[in-house]
file query_30.cif (mmCIF, C-alpha atoms)
data_target
#
loop_
_atom_site.label_atom_id
_atom_site.label_comp_id
_atom_site.auth_asym_id
_atom_site.auth_seq_id
_atom_site.Cartn_x
_atom_site.Cartn_y
_atom_site.Cartn_z
CA MET I 94 171.70 -21.32 -52.30
CA SER I 95 175.37 -20.45 -52.24
CA ASP I 96 177.11 -19.21 -55.37
CA THR I 97 180.48 -20.55 -54.33
CA LYS I 98 182.32 -21.88 -57.37
CA SER I 99 184.80 -24.69 -57.10
CA ARG I 100 188.28 -24.00 -58.38
CA ASN I 101 189.93 -26.79 -60.28
CA LEU I 102 193.41 -25.54 -61.11
CA PRO I 103 195.86 -28.12 -62.43
CA LEU I 104 198.62 -28.97 -59.98
CA SER I 105 201.27 -27.34 -62.20
CA LYS I 106 199.55 -23.93 -61.82
CA ARG I 107 198.97 -24.28 -58.09
CA GLY I 108 202.60 -24.51 -57.05
CA LEU I 109 203.99 -26.99 -54.58
CA ASN I 110 205.56 -25.14 -51.67
CA PHE I 111 205.94 -25.94 -47.97
CA GLU I 112 202.54 -24.45 -47.03
CA MET I 113 200.84 -26.55 -49.73
CA LEU I 114 202.59 -29.67 -48.45
CA MET I 115 201.51 -28.91 -44.85
CA TRP I 116 197.95 -28.27 -46.06
CA ILE I 117 197.76 -31.75 -47.60
CA PHE I 118 199.67 -33.20 -44.60
CA THR I 119 196.95 -31.90 -42.24
CA ARG I 120 194.22 -33.64 -44.29
CA LEU I 121 196.10 -36.92 -44.67
CA THR I 122 197.06 -37.10 -40.97
CA ALA I 123 193.37 -36.52 -40.12
CA LEU I 124 192.48 -39.64 -42.15
CA ALA I 125 195.43 -41.52 -40.61
CA MET I 126 194.20 -40.68 -37.10
CA TYR I 127 190.74 -41.98 -38.00
CA ALA I 128 192.35 -45.30 -39.03
CA LEU I 129 194.60 -45.51 -35.94
CA ILE I 130 191.86 -44.60 -33.44
CA LEU I 131 189.35 -47.00 -35.02
CA THR I 132 192.00 -49.75 -34.77
CA GLY I 133 192.40 -48.87 -31.09
CA ILE I 134 188.64 -48.93 -30.47
CA ILE I 135 188.33 -52.35 -32.17
CA GLY I 136 191.18 -53.58 -29.95
CA ALA I 137 189.43 -52.25 -26.83
CA LEU I 138 186.15 -53.93 -27.82
CA ILE I 139 188.01 -57.27 -28.14
CA MET I 140 189.89 -56.64 -24.87
CA GLY I 141 186.82 -55.74 -22.84
CA ALA I 142 184.26 -58.08 -24.42
CA ARG I 143 184.33 -60.59 -21.56
CA THR I 144 184.29 -58.02 -18.75
CA GLN I 145 181.85 -55.52 -20.28
CA MET I 146 184.37 -52.65 -20.41
CA ASN I 147 182.63 -49.25 -20.19
CA MET I 148 182.62 -46.48 -22.79
CA ALA I 149 185.23 -44.28 -21.07
CA ASP I 150 187.77 -47.14 -20.96
CA VAL I 151 187.11 -48.12 -24.60
CA LEU I 152 187.63 -44.51 -25.70
CA ARG I 153 190.69 -44.04 -23.50
CA TRP I 154 192.30 -47.08 -25.18
CA GLY I 155 191.15 -45.88 -28.60
CA PHE I 156 192.76 -42.46 -28.22
CA MET I 157 195.99 -43.92 -26.83
CA PRO I 158 196.53 -47.72 -26.66
CA ASN I 159 198.80 -47.67 -23.62
CA ALA I 160 198.45 -50.34 -20.89
CA THR I 161 198.30 -47.75 -18.06
CA HIS I 162 195.06 -46.48 -19.61
CA VAL I 163 193.22 -49.70 -18.68
CA GLN I 164 195.10 -50.54 -15.45
CA SER I 165 192.14 -49.91 -13.17
CA THR I 166 189.68 -51.93 -15.27
CA ASN I 167 189.00 -55.63 -14.73
CA VAL I 168 190.65 -56.88 -17.93
CA LEU I 169 191.65 -60.52 -17.35
CA ASP I 170 195.21 -60.31 -18.69
CA LEU I 171 197.03 -57.12 -19.71
CA ALA I 172 200.16 -58.87 -21.11
CA PRO I 173 198.76 -59.39 -24.65
CA TRP I 174 197.95 -55.67 -24.74
CA SER I 175 201.43 -54.40 -23.80
CA THR I 176 203.05 -55.79 -26.94
CA PRO I 177 205.32 -53.89 -29.39
CA PHE I 178 202.33 -53.81 -31.80
CA TRP I 179 200.21 -51.70 -29.44
CA LYS I 180 203.19 -49.61 -28.27
CA GLY I 181 204.12 -49.04 -31.92
CA LEU I 182 200.53 -48.07 -32.76
CA GLY I 183 200.50 -45.67 -29.80
CA SER I 184 203.83 -44.15 -30.83
CA LEU I 185 202.63 -43.69 -34.40
CA LEU I 186 199.41 -42.05 -33.18
CA LEU I 187 201.42 -39.78 -30.87
CA LEU I 188 203.78 -38.64 -33.65
CA VAL I 189 200.95 -38.08 -36.16
CA ALA I 190 198.73 -36.28 -33.63
CA ALA I 191 201.56 -34.13 -32.22
CA SER I 192 202.71 -32.92 -35.64
CA HIS I 193 199.09 -32.28 -36.74
CA GLY I 194 198.41 -30.41 -33.48
CA VAL I 195 201.59 -28.31 -33.43
CA HIS I 196 201.10 -27.33 -37.07
CA GLY I 197 197.53 -26.34 -36.19
CA LEU I 198 198.89 -24.20 -33.35
CA VAL I 199 201.23 -22.41 -35.81
CA VAL I 200 198.31 -21.78 -38.19
CA VAL I 201 196.20 -20.30 -35.36
CA LEU I 202 199.05 -18.12 -34.06
CA ASP I 203 199.75 -16.84 -37.61
CA ASP I 204 196.27 -15.29 -37.52
CA TYR I 205 197.20 -13.16 -34.52
CA LEU I 206 200.96 -12.61 -34.92
CA VAL I 207 201.70 -10.81 -38.18
CA LYS I 208 205.28 -9.53 -37.81
CA PRO I 209 207.98 -11.65 -39.53
CA ARG I 210 210.08 -11.82 -36.33
CA GLN I 211 207.10 -13.06 -34.29
CA ARG I 212 206.25 -15.69 -36.88
CA GLN I 213 209.86 -16.87 -37.00
CA LEU I 214 209.89 -17.17 -33.21
CA VAL I 215 206.62 -19.16 -33.30
CA ARG I 216 208.17 -21.57 -35.83
CA ILE I 217 211.37 -22.09 -33.81
CA LEU I 218 209.43 -22.61 -30.56
CA SER I 219 206.98 -24.99 -32.28
CA ILE I 220 209.81 -27.20 -33.57
CA VAL I 221 211.40 -27.33 -30.10
CA PHE I 222 207.99 -28.05 -28.53
CA LEU I 223 207.18 -30.80 -31.06
CA ALA I 224 210.57 -32.49 -30.62
CA ALA I 225 210.39 -32.34 -26.80
CA MET I 226 206.80 -33.64 -26.56
CA SER I 227 207.46 -36.46 -29.07
CA ILE I 228 210.53 -37.67 -27.16
CA ILE I 229 208.82 -37.44 -23.74
CA GLY I 230 205.65 -39.12 -25.06
CA ILE I 231 207.50 -42.03 -26.69
CA TYR I 232 209.58 -42.45 -23.51
CA VAL I 233 206.36 -42.67 -21.44
CA ILE I 234 204.75 -45.18 -23.86
CA TRP I 235 207.73 -47.55 -23.95
CA THR I 236 208.62 -47.42 -20.23
CA SER I 237 205.16 -47.59 -18.62
CA MET V 96 205.28 -13.23 -44.28
CA GLY V 97 204.80 -9.75 -42.93
CA LEU V 98 201.11 -9.47 -43.75
CA LYS V 99 199.05 -6.71 -42.15
CA ARG V 100 195.83 -7.20 -40.27
CA ASN V 101 193.30 -5.30 -42.39
CA VAL V 102 190.36 -5.20 -39.97
CA SER V 103 190.34 -4.03 -36.37
CA LEU V 104 189.54 -6.43 -33.54
CA SER V 105 186.13 -4.81 -32.87
CA THR V 106 185.17 -5.18 -36.55
CA ALA V 107 186.27 -8.80 -36.46
CA LEU V 108 184.14 -9.50 -33.36
CA ARG V 109 181.08 -7.96 -35.02
CA TYR V 110 181.49 -10.18 -38.11
CA ARG V 111 178.53 -12.55 -38.41
CA GLY V 112 179.57 -15.56 -40.44
CA GLU V 113 176.73 -17.84 -39.29
CA GLY V 114 177.10 -21.64 -39.60
CA PRO V 115 180.50 -21.93 -41.29
CA MET V 116 181.98 -19.29 -38.94
CA LEU V 117 180.64 -21.19 -35.93
CA THR V 118 182.28 -24.44 -37.06
CA PHE V 119 185.52 -22.53 -37.69
CA ILE V 120 185.54 -21.15 -34.13
CA LEU V 121 184.54 -24.46 -32.54
CA HIS V 122 187.21 -26.27 -34.61
CA ARG V 123 189.84 -23.90 -33.16
CA ILE V 124 188.55 -24.20 -29.60
CA GLY V 125 188.50 -27.99 -29.94
CA GLY V 126 191.99 -28.14 -31.42
CA LEU V 127 193.50 -25.84 -28.80
CA GLY V 128 191.69 -27.69 -26.01
CA MET V 129 193.16 -31.00 -27.15
CA VAL V 130 196.70 -29.58 -27.59
CA ILE V 131 196.64 -28.21 -24.03
CA PHE V 132 195.06 -31.39 -22.61
CA VAL V 133 197.50 -33.77 -24.35
CA THR V 134 200.53 -31.64 -23.38
CA VAL V 135 199.53 -31.48 -19.71
CA HIS V 136 198.59 -35.18 -19.72
CA ILE V 137 201.95 -36.33 -21.19
CA LEU V 138 203.92 -34.06 -18.83
CA ALA V 139 201.88 -35.22 -15.82
CA SER V 140 202.46 -38.91 -16.59
CA PHE V 141 206.17 -38.20 -17.21
CA LEU V 142 206.78 -36.09 -14.09
CA GLY V 143 204.27 -37.75 -11.75
CA GLY V 144 204.18 -36.38 -8.17
CA ASP V 145 201.64 -33.94 -6.78
CA GLY V 146 201.14 -32.21 -10.12
CA GLY V 147 200.22 -35.54 -11.71
CA VAL V 148 197.66 -36.23 -8.98
CA ILE V 149 196.06 -32.79 -9.45
CA ALA V 150 195.98 -33.28 -13.26
CA ASN V 151 194.37 -36.73 -12.89
CA THR V 152 191.72 -35.33 -10.52
CA ILE V 153 190.81 -32.75 -13.16
CA TYR V 154 190.60 -35.33 -16.00
CA GLU V 155 188.38 -37.62 -13.98
CA ASN V 156 185.90 -34.81 -13.28
CA TRP V 157 182.75 -35.33 -15.33
CA LEU V 158 182.56 -31.65 -16.36
CA PHE V 159 186.04 -31.91 -17.85
CA GLN V 160 185.10 -35.13 -19.62
CA ILE V 161 182.08 -33.42 -21.22
CA PHE V 162 184.35 -30.57 -22.37
CA ILE V 163 187.21 -32.68 -23.75
CA PHE V 164 184.85 -35.10 -25.51
CA PHE V 165 183.19 -32.12 -27.18
CA CYS V 166 186.65 -30.96 -28.35
CA ALA V 167 187.63 -34.39 -29.69
CA LEU V 168 184.33 -35.33 -31.34
CA PHE V 169 183.59 -31.96 -32.91
CA HIS V 170 187.16 -31.57 -34.17
CA ALA V 171 187.06 -35.10 -35.62
CA ILE V 172 183.70 -34.74 -37.41
CA ASN V 173 184.32 -31.18 -38.61
CA GLY V 174 187.82 -32.21 -39.70
CA LEU V 175 186.37 -35.06 -41.72
CA ARG V 176 184.01 -32.62 -43.46
CA ILE V 177 186.92 -30.28 -44.28
CA THR V 178 189.02 -33.20 -45.53
CA ILE V 179 186.26 -34.56 -47.78
CA LEU V 180 185.37 -31.13 -49.21
CA ASP V 181 189.03 -30.25 -49.78
CA LEU V 182 190.01 -33.52 -51.42
CA TRP V 183 186.92 -33.42 -53.71
CA PRO V 184 186.74 -29.64 -54.46
CA LYS V 185 183.57 -29.95 -56.54
CA LEU V 186 181.65 -30.69 -53.33
CA ILE V 187 182.51 -27.24 -51.87
CA GLU V 188 179.30 -25.92 -53.46
CA PHE V 189 177.38 -27.99 -50.91
CA GLN V 190 179.34 -26.87 -47.86
CA ARG V 191 176.33 -25.45 -46.01
CA GLU V 192 174.42 -28.68 -46.54
CA ALA V 193 177.54 -30.56 -45.39
CA ILE V 194 177.50 -28.55 -42.16
CA TRP V 195 173.88 -29.60 -41.54
CA VAL V 196 174.87 -33.24 -42.08
CA GLU V 197 177.76 -32.70 -39.70
CA TRP V 198 175.45 -31.47 -36.91
CA ALA V 199 173.07 -34.35 -37.63
CA VAL V 200 175.95 -36.77 -36.96
CA PHE V 201 177.49 -34.84 -34.07
CA LEU V 202 174.43 -34.12 -31.93
CA PRO V 203 173.15 -37.72 -31.44
CA VAL V 204 176.62 -39.16 -30.80
CA TYR V 205 177.58 -36.35 -28.42
CA SER V 206 174.22 -36.44 -26.59
CA LEU V 207 174.58 -40.17 -26.03
CA ALA V 208 178.09 -39.69 -24.59
CA VAL V 209 176.96 -36.82 -22.34
CA PHE V 210 174.06 -38.98 -21.14
CA VAL V 211 176.48 -41.81 -20.21
CA ILE V 212 178.95 -39.42 -18.52
CA VAL V 213 176.22 -37.69 -16.47
CA ARG V 214 174.63 -41.02 -15.52
CA ASN V 215 178.01 -42.29 -14.24
CA ALA V 216 178.60 -38.99 -12.42
CA LEU V 217 175.28 -39.41 -10.61
CA GLY V 218 176.44 -42.86 -9.50
CA GLY V 219 174.32 -44.90 -11.92
#
call {"tool": "encode", "arguments": {"input": "query_30.cif", "output": "structure tokens"}}
result
Amino acid sequence: MSDTKSRNLPLSKRGLNFEMLMWIFTRLTALAMYALILTGIIGALIMGARTQMNMADVLRWGFMPNATHVQSTNVLDLAPWSTPFWKGLGSLLLLVAASHGVHGLVVVLDDYLVKPRQRQLVRILSIVFLAAMSIIGIYVIWTS
Amino acid sequence: MGLKRNVSLSTALRYRGEGPMLTFILHRIGGLGMVIFVTVHILASFLGGDGGVIANTIYENWLFQIFIFFCALFHAINGLRITILDLWPKLIEFQREAIWVEWAVFLPVYSLAVFVIVRNALGG
């Protein structure tokens, strides 16, 4: 049907600049998030096996393995699930997802803001936003 | 930097890109939806108070759950298609077929989730 041809340029002719690095970063963080979220879902299935945890609680733990996400469920003991392993996994997922998301926001805004000054402002604001949300998020994970 | 927009907004809105264009738009809506949701959610749990209560009431609403699960699941499955096609560029020739596979995965999983959410909302 389609006459799209694949382009197979060698890496040396493609150039390796910041945009190229962020392009590959977006793909690799997508795969990383698949691994992290599946780890979380497996954890939730183990956690809720004896109390028949429902789908919403399993997914809530999968997307962010933080003990406050399963507080209102009837899990027998939450202590084994508030360990540095799960907090570390949650922090890693937060950092990966936040950088992936903020970079995505910059890509979307670049489609609508075309002046160099506007794009520079978007980049400065996105770095401030990413730093602030990462710090606040990690604070919430480790203190809740 | 400093590129010019070379079509007007009305021309852009009349562009009919069919399947791939639809996934492109839904990918953006899903991504933006999740960025806004995660930002508000982190700020609400950090600040607490009345704002946190209002935010939690919105998240627990079944209509919101249907929306945010659409964002997450579509963005995840479409993102996996983009990742696979980009990392193995020879497969780009089959991108329309890949989009059909994508819908074949998305629709059953999403329908099942919507069924569970609506059943819970009706008190099942």
call {"tool": "resolve_selection", "arguments": {"input": "query_30.cif", "expression": "the PyMOL selection byres ((chain I and resi 132) around 12)", "output": "number ranges by chain"}}
result
I: 125-131, 133-139, 151-152, 154-158, 178-179, 182-183, 186
call {"tool": "axis_aligned_box", "arguments": {"input": "query_30.cif", "around": "region 212-219 of chain I", "padding_each_side": "5 Å", "output": "lines of an AutoDock Vina configuration file"}}
result
center_x = 208.8
center_y = -20.3
center_z = -33.8
size_x = 15.1
size_y = 19.3
size_z = 16.4
call {"tool": "resolve_selection", "arguments": {"input": "query_30.cif", "expression": "the PyMOL selection byres ((chain V and resi 128-133) around 12)", "output": "PyMOL selection string"}}
result
(chain I and resi 156-157+187+190-199+222-223+226-227+229-230) or (chain V and resi 121-127+134-140+150-151+153-154+159-160+162-171)
call {"tool": "write_last_selection", "arguments": {"input": "query_30.cif", "atoms": "C-alpha atoms", "output": "compact mmCIF listing (two decimals), in the frame of the given file"}}
result
# COMPACT_ATOMS: atom_id res chain seq x y z
CA PHE I 156 192.76 -42.46 -28.22
CA MET I 157 195.99 -43.92 -26.83
CA LEU I 187 201.42 -39.78 -30.87
CA ALA I 190 198.73 -36.28 -33.63
CA ALA I 191 201.56 -34.13 -32.22
CA SER I 192 202.71 -32.92 -35.64
CA HIS I 193 199.09 -32.28 -36.74
CA GLY I 194 198.41 -30.41 -33.48
CA VAL I 195 201.59 -28.31 -33.43
CA HIS I 196 201.10 -27.33 -37.07
CA GLY I 197 197.53 -26.34 -36.19
CA LEU I 198 198.89 -24.20 -33.35
CA VAL I 199 201.23 -22.41 -35.81
CA PHE I 222 207.99 -28.05 -28.53
CA LEU I 223 207.18 -30.80 -31.06
CA MET I 226 206.80 -33.64 -26.56
CA SER I 227 207.46 -36.46 -29.07
CA ILE I 229 208.82 -37.44 -23.74
CA GLY I 230 205.65 -39.12 -25.06
CA LEU V 121 184.54 -24.46 -32.54
CA HIS V 122 187.21 -26.27 -34.61
CA ARG V 123 189.84 -23.90 -33.16
CA ILE V 124 188.55 -24.20 -29.60
CA GLY V 125 188.50 -27.99 -29.94
CA GLY V 126 191.99 -28.14 -31.42
CA LEU V 127 193.50 -25.84 -28.80
CA THR V 134 200.53 -31.64 -23.38
CA VAL V 135 199.53 -31.48 -19.71
CA HIS V 136 198.59 -35.18 -19.72
CA ILE V 137 201.95 -36.33 -21.19
CA LEU V 138 203.92 -34.06 -18.83
CA ALA V 139 201.88 -35.22 -15.82
CA SER V 140 202.46 -38.91 -16.59
CA ALA V 150 195.98 -33.28 -13.26
CA ASN V 151 194.37 -36.73 -12.89
CA ILE V 153 190.81 -32.75 -13.16
CA TYR V 154 190.60 -35.33 -16.00
CA PHE V 159 186.04 -31.91 -17.85
CA GLN V 160 185.10 -35.13 -19.62
CA PHE V 162 184.35 -30.57 -22.37
CA ILE V 163 187.21 -32.68 -23.75
CA PHE V 164 184.85 -35.10 -25.51
CA PHE V 165 183.19 -32.12 -27.18
CA CYS V 166 186.65 -30.96 -28.35
CA ALA V 167 187.63 -34.39 -29.69
CA LEU V 168 184.33 -35.33 -31.34
CA PHE V 169 183.59 -31.96 -32.91
CA HIS V 170 187.16 -31.57 -34.17
CA ALA V 171 187.06 -35.10 -35.62
call {"tool": "atom_distance", "arguments": {"input": "query_30.cif", "atom1": "CA of Val215 (chain I)", "atom2": "CA of Ser184 (chain I)"}}
result
25.3 Å
call {"tool": "closest_residue", "arguments": {"input": "query_30.cif", "among": "V:Ala216, V:Leu117, V:Val148, V:Ala208", "to": "chain I", "atoms": "only C-alpha atoms"}}
result
V:Ala208
call {"tool": "atom_distance", "arguments": {"input": "query_30.cif", "atom1": "CA of Phe210 (chain V)", "atom2": "CA of Asn147 (chain I)"}}
result
13.4 Å
call {"tool": "residues_around", "arguments": {"input": "query_30.cif", "residues": "Glu112 (chain I)", "least_positions_apart": "5", "cutoff": "12 Å", "atoms": "all atoms listed in the file", "output": "list of chain:residue names"}}
result
I:Arg107, I:Ile117, I:Phe118, I:Thr119, I:His196, I:Val199, I:Val200, V:Met96
call {"tool": "atom_distance", "arguments": {"input": "query_30.cif", "atom1": "CA of Ile231 (chain I)", "atom2": "CA of Thr166 (chain I)"}}
result
23.4 Å
call {"tool": "closest_residue", "arguments": {"input": "query_30.cif", "among": "I:Arg143, I:His162, I:Lys180, I:Lys106", "to": "chain V", "atoms": "only C-alpha atoms"}}
result
I:His162
call {"tool": "build_atoms", "arguments": {"input": "query_30.cif", "residues": "region 191-226 of chain I", "atoms": "N, CA and C atoms", "output": "mmCIF file, in the coordinates of the input"}}
result
data_model
loop_
_atom_site.group_PDB
_atom_site.id
_atom_site.type_symbol
_atom_site.label_atom_id
_atom_site.label_comp_id
_atom_site.auth_asym_id
_atom_site.auth_seq_id
_atom_site.Cartn_x
_atom_site.Cartn_y
_atom_site.Cartn_z
ATOM 1 N N ALA I 191 200.760 -35.263 -32.701
ATOM 2 C CA ALA I 191 201.560 -34.130 -32.220
ATOM 3 C C ALA I 191 201.928 -33.209 -33.379
ATOM 4 N N SER I 192 202.326 -33.791 -34.530
ATOM 5 C CA SER I 192 202.710 -32.920 -35.640
ATOM 6 C C SER I 192 201.492 -32.189 -36.206
ATOM 7 N N HIS I 193 200.350 -32.893 -36.295
ATOM 8 C CA HIS I 193 199.090 -32.280 -36.740
ATOM 9 C C HIS I 193 198.717 -31.131 -35.782
ATOM 10 N N GLY I 194 198.818 -31.393 -34.474
ATOM 11 C CA GLY I 194 198.410 -30.410 -33.480
ATOM 12 C C GLY I 194 199.325 -29.201 -33.442
ATOM 13 N N VAL I 195 200.647 -29.435 -33.497
ATOM 14 C CA VAL I 195 201.590 -28.310 -33.430
ATOM 15 C C VAL I 195 201.493 -27.468 -34.699
ATOM 16 N N HIS I 196 201.302 -28.123 -35.849
ATOM 17 C CA HIS I 196 201.100 -27.330 -37.070
ATOM 18 C C HIS I 196 199.835 -26.500 -36.974
ATOM 19 N N GLY I 197 198.776 -27.082 -36.388
ATOM 20 C CA GLY I 197 197.530 -26.340 -36.190
ATOM 21 C C GLY I 197 197.751 -25.126 -35.300
ATOM 22 N N LEU I 198 198.571 -25.307 -34.262
ATOM 23 C CA LEU I 198 198.890 -24.200 -33.350
ATOM 24 C C LEU I 198 199.587 -23.072 -34.105
ATOM 25 N N VAL I 199 200.510 -23.430 -35.012
ATOM 26 C CA VAL I 199 201.230 -22.410 -35.810
ATOM 27 C C VAL I 199 200.239 -21.662 -36.704
ATOM 28 N N VAL I 200 199.296 -22.419 -37.318
ATOM 29 C CA VAL I 200 198.310 -21.780 -38.190
ATOM 30 C C VAL I 200 197.454 -20.784 -37.404
ATOM 31 N N VAL I 201 197.022 -21.189 -36.186
ATOM 32 C CA VAL I 201 196.200 -20.300 -35.360
ATOM 33 C C VAL I 201 197.002 -19.065 -34.965
ATOM 34 N N LEU I 202 198.250 -19.264 -34.516
ATOM 35 C CA LEU I 202 199.050 -18.120 -34.060
ATOM 36 C C LEU I 202 199.361 -17.168 -35.219
ATOM 37 N N ASP I 203 199.494 -17.697 -36.444
ATOM 38 C CA ASP I 203 199.750 -16.840 -37.610
ATOM 39 C C ASP I 203 198.601 -15.855 -37.846
ATOM 40 N N ASP I 204 197.394 -16.203 -37.360
ATOM 41 C CA ASP I 204 196.270 -15.290 -37.520
ATOM 42 C C ASP I 204 196.356 -14.099 -36.581
ATOM 43 N N TYR I 205 197.126 -14.236 -35.502
ATOM 44 C CA TYR I 205 197.200 -13.160 -34.520
ATOM 45 C C TYR I 205 198.551 -12.478 -34.501
ATOM 46 N N LEU I 206 199.619 -13.180 -34.905
ATOM 47 C CA LEU I 206 200.960 -12.610 -34.920
ATOM 48 C C LEU I 206 201.343 -12.382 -36.379
ATOM 49 N N VAL I 207 201.518 -11.098 -36.759
ATOM 50 C CA VAL I 207 201.700 -10.810 -38.180
ATOM 51 C C VAL I 207 203.104 -10.322 -38.519
ATOM 52 N N LYS I 208 203.932 -10.020 -37.505
ATOM 53 C CA LYS I 208 205.280 -9.530 -37.810
ATOM 54 C C LYS I 208 206.200 -10.707 -38.133
ATOM 55 N N PRO I 209 207.094 -10.539 -39.145
ATOM 56 C CA PRO I 209 207.980 -11.650 -39.530
ATOM 57 C C PRO I 209 208.779 -12.218 -38.358
ATOM 58 N N ARG I 210 209.285 -11.338 -37.460
ATOM 59 C CA ARG I 210 210.080 -11.820 -36.330
ATOM 60 C C ARG I 210 209.247 -12.714 -35.408
ATOM 61 N N GLN I 211 207.978 -12.271 -35.162
ATOM 62 C CA GLN I 211 207.100 -13.060 -34.290
ATOM 63 C C GLN I 211 206.829 -14.426 -34.907
ATOM 64 N N ARG I 212 206.561 -14.426 -36.224
ATOM 65 C CA ARG I 212 206.250 -15.690 -36.880
ATOM 66 C C ARG I 212 207.461 -16.626 -36.873
ATOM 67 N N GLN I 213 208.654 -16.049 -37.041
ATOM 68 C CA GLN I 213 209.860 -16.870 -37.000
ATOM 69 C C GLN I 213 210.026 -17.493 -35.619
ATOM 70 N N LEU I 214 209.781 -16.672 -34.580
ATOM 71 C CA LEU I 214 209.890 -17.170 -33.210
ATOM 72 C C LEU I 214 208.901 -18.302 -32.961
ATOM 73 N N VAL I 215 207.639 -18.118 -33.454
ATOM 74 C CA VAL I 215 206.620 -19.160 -33.300
ATOM 75 C C VAL I 215 207.103 -20.461 -33.940
ATOM 76 N N ARG I 216 207.718 -20.350 -35.138
ATOM 77 C CA ARG I 216 208.170 -21.570 -35.830
ATOM 78 C C ARG I 216 209.291 -22.272 -35.064
ATOM 79 N N ILE I 217 210.257 -21.480 -34.551
ATOM 80 C CA ILE I 217 211.370 -22.090 -33.810
ATOM 81 C C ILE I 217 210.836 -22.778 -32.549
ATOM 82 N N LEU I 218 209.972 -22.045 -31.795
ATOM 83 C CA LEU I 218 209.430 -22.610 -30.560
ATOM 84 C C LEU I 218 208.593 -23.853 -30.855
ATOM 85 N N SER I 219 207.838 -23.846 -31.979
ATOM 86 C CA SER I 219 206.980 -24.990 -32.280
ATOM 87 C C SER I 219 207.808 -26.226 -32.598
ATOM 88 N N ILE I 220 208.958 -26.036 -33.268
ATOM 89 C CA ILE I 220 209.810 -27.200 -33.570
ATOM 90 C C ILE I 220 210.391 -27.768 -32.281
ATOM 91 N N VAL I 221 210.845 -26.874 -31.377
ATOM 92 C CA VAL I 221 211.400 -27.330 -30.100
ATOM 93 C C VAL I 221 210.324 -28.071 -29.300
ATOM 94 N N PHE I 222 209.117 -27.473 -29.267
ATOM 95 C CA PHE I 222 207.990 -28.050 -28.530
ATOM 96 C C PHE I 222 207.629 -29.427 -29.087
ATOM 97 N N LEU I 223 207.544 -29.520 -30.422
ATOM 98 C CA LEU I 223 207.180 -30.800 -31.060
ATOM 99 C C LEU I 223 208.217 -31.867 -30.751
ATOM 100 N N ALA I 224 209.506 -31.501 -30.870
ATOM 101 C CA ALA I 224 210.570 -32.490 -30.620
ATOM 102 C C ALA I 224 210.517 -32.950 -29.163
ATOM 103 N N ALA I 225 210.372 -31.989 -28.223
ATOM 104 C CA ALA I 225 210.390 -32.340 -26.800
ATOM 105 C C ALA I 225 209.207 -33.234 -26.458
ATOM 106 N N MET I 226 207.982 -32.859 -26.927
ATOM 107 C CA MET I 226 206.800 -33.640 -26.560
ATOM 108 C C MET I 226 206.832 -35.026 -27.204
#
